[in-house]
Amino acid sequence: MFMDGLPIWGFVGPPPEHTDNAEARYVYTHRGFDIAYNGDQIIHVNLTSDNPVLVAENAALEWTYEVNWVEREDIDFDDRFQRYLDYSFFENQIHWFSVFNSFMMVVFLLGLVSMILLRTLRKDYARYTVGKDDLESLERDMNEETGWKLVHGDVFRSPVMLELFAAVVGTGVQLAALVLLTIVVTIAAELHVQRGTIVTVFVVFYA
């Protein structure tokens with residue numbers, strides 16, 4: 001849920017381990033909204049839940065809510081998202097061991113692929129750098145090439161449905177450049193102040 005572009009989240013009910021009966025399910029029937037404002041603009045919203053009621057068949061639930069308005073002049077409207085961007089607010093920790101493990105796995109796979117390619121290319125290079133006496137055997141071997149070595153014959157061959165292929169490639173390049181440009185603009189400017197600004201920038205750049 002959002003209020004003036006600010007996200008609001010809360011629990012539907014208390015977790016089972018926080019209740020007397022783990023088999024029963026409860027739901028909060030009272031919601032409290034603490035809204036802070038500066039002038040005529042909302043800068044902070046906090047949701048609290050209370051009064052858990054047991055969920056039963058054909059039970060009548062009475063829903064209530066309250067709103068508390070608090071004026072705060074120490075936070076400007078442009079800085080209201082700093083609370084959500086604060087590191088201590090999310091309390092996320094970087095798992096350095098997982099990052100190092102993934103990095104070492106990538107290095108190992110790159111080394112393995114590079115070693116296989118070097119061995120294959122070295123063998124082919126030795127075949128192609130033969131003397132004049134072995135030209136006949138080299139020509140015979142080249143006629144018997146299979147697999148990826150035959151790709152050189154398709155490099156300059158026109159593909160089927162060339163116009164459609166060119167259009168698809170051009171559209172892909174345009175979308176890739178559009179995403180890259182949007183990311184750069186998002187990093188350079190504060191597009192998180194208003195909800196939907198990033199989508200608007202994406203559409204404008206596409207047009």
# chains A, B, ... in the order shown; residues from 1 in each chain; ligands from 1
>>> residues_around(residues="stretch 170-186 of chain A", least_positions_apart="5", cutoff="8 Å", atoms="only C-alpha atoms", output="list in words")
Leu191, Ile198, Val201, Phe202, Phe205 and Tyr206 of chain A
>>> residues_around(residues="A:Asp50", least_positions_apart="2", cutoff="9 Å", atoms="only C-alpha atoms", output="PyMOL selection string")
chain A and resi 13+28-32+48+52
>>> closest_residue(among="A:Asn46, A:Gln41, A:Asn101, A:Thr19", to="A:Glu73", atoms="only C-alpha atoms")
A:Gln41
>>> atom_distance(atom1="atom CA of A:Leu47", atom2="atom CA of A:Ile35")
8.8 Å
>>> atom_distance(atom1="atom CA of A:Val45", atom2="atom CA of A:Arg72")
12.0 Å
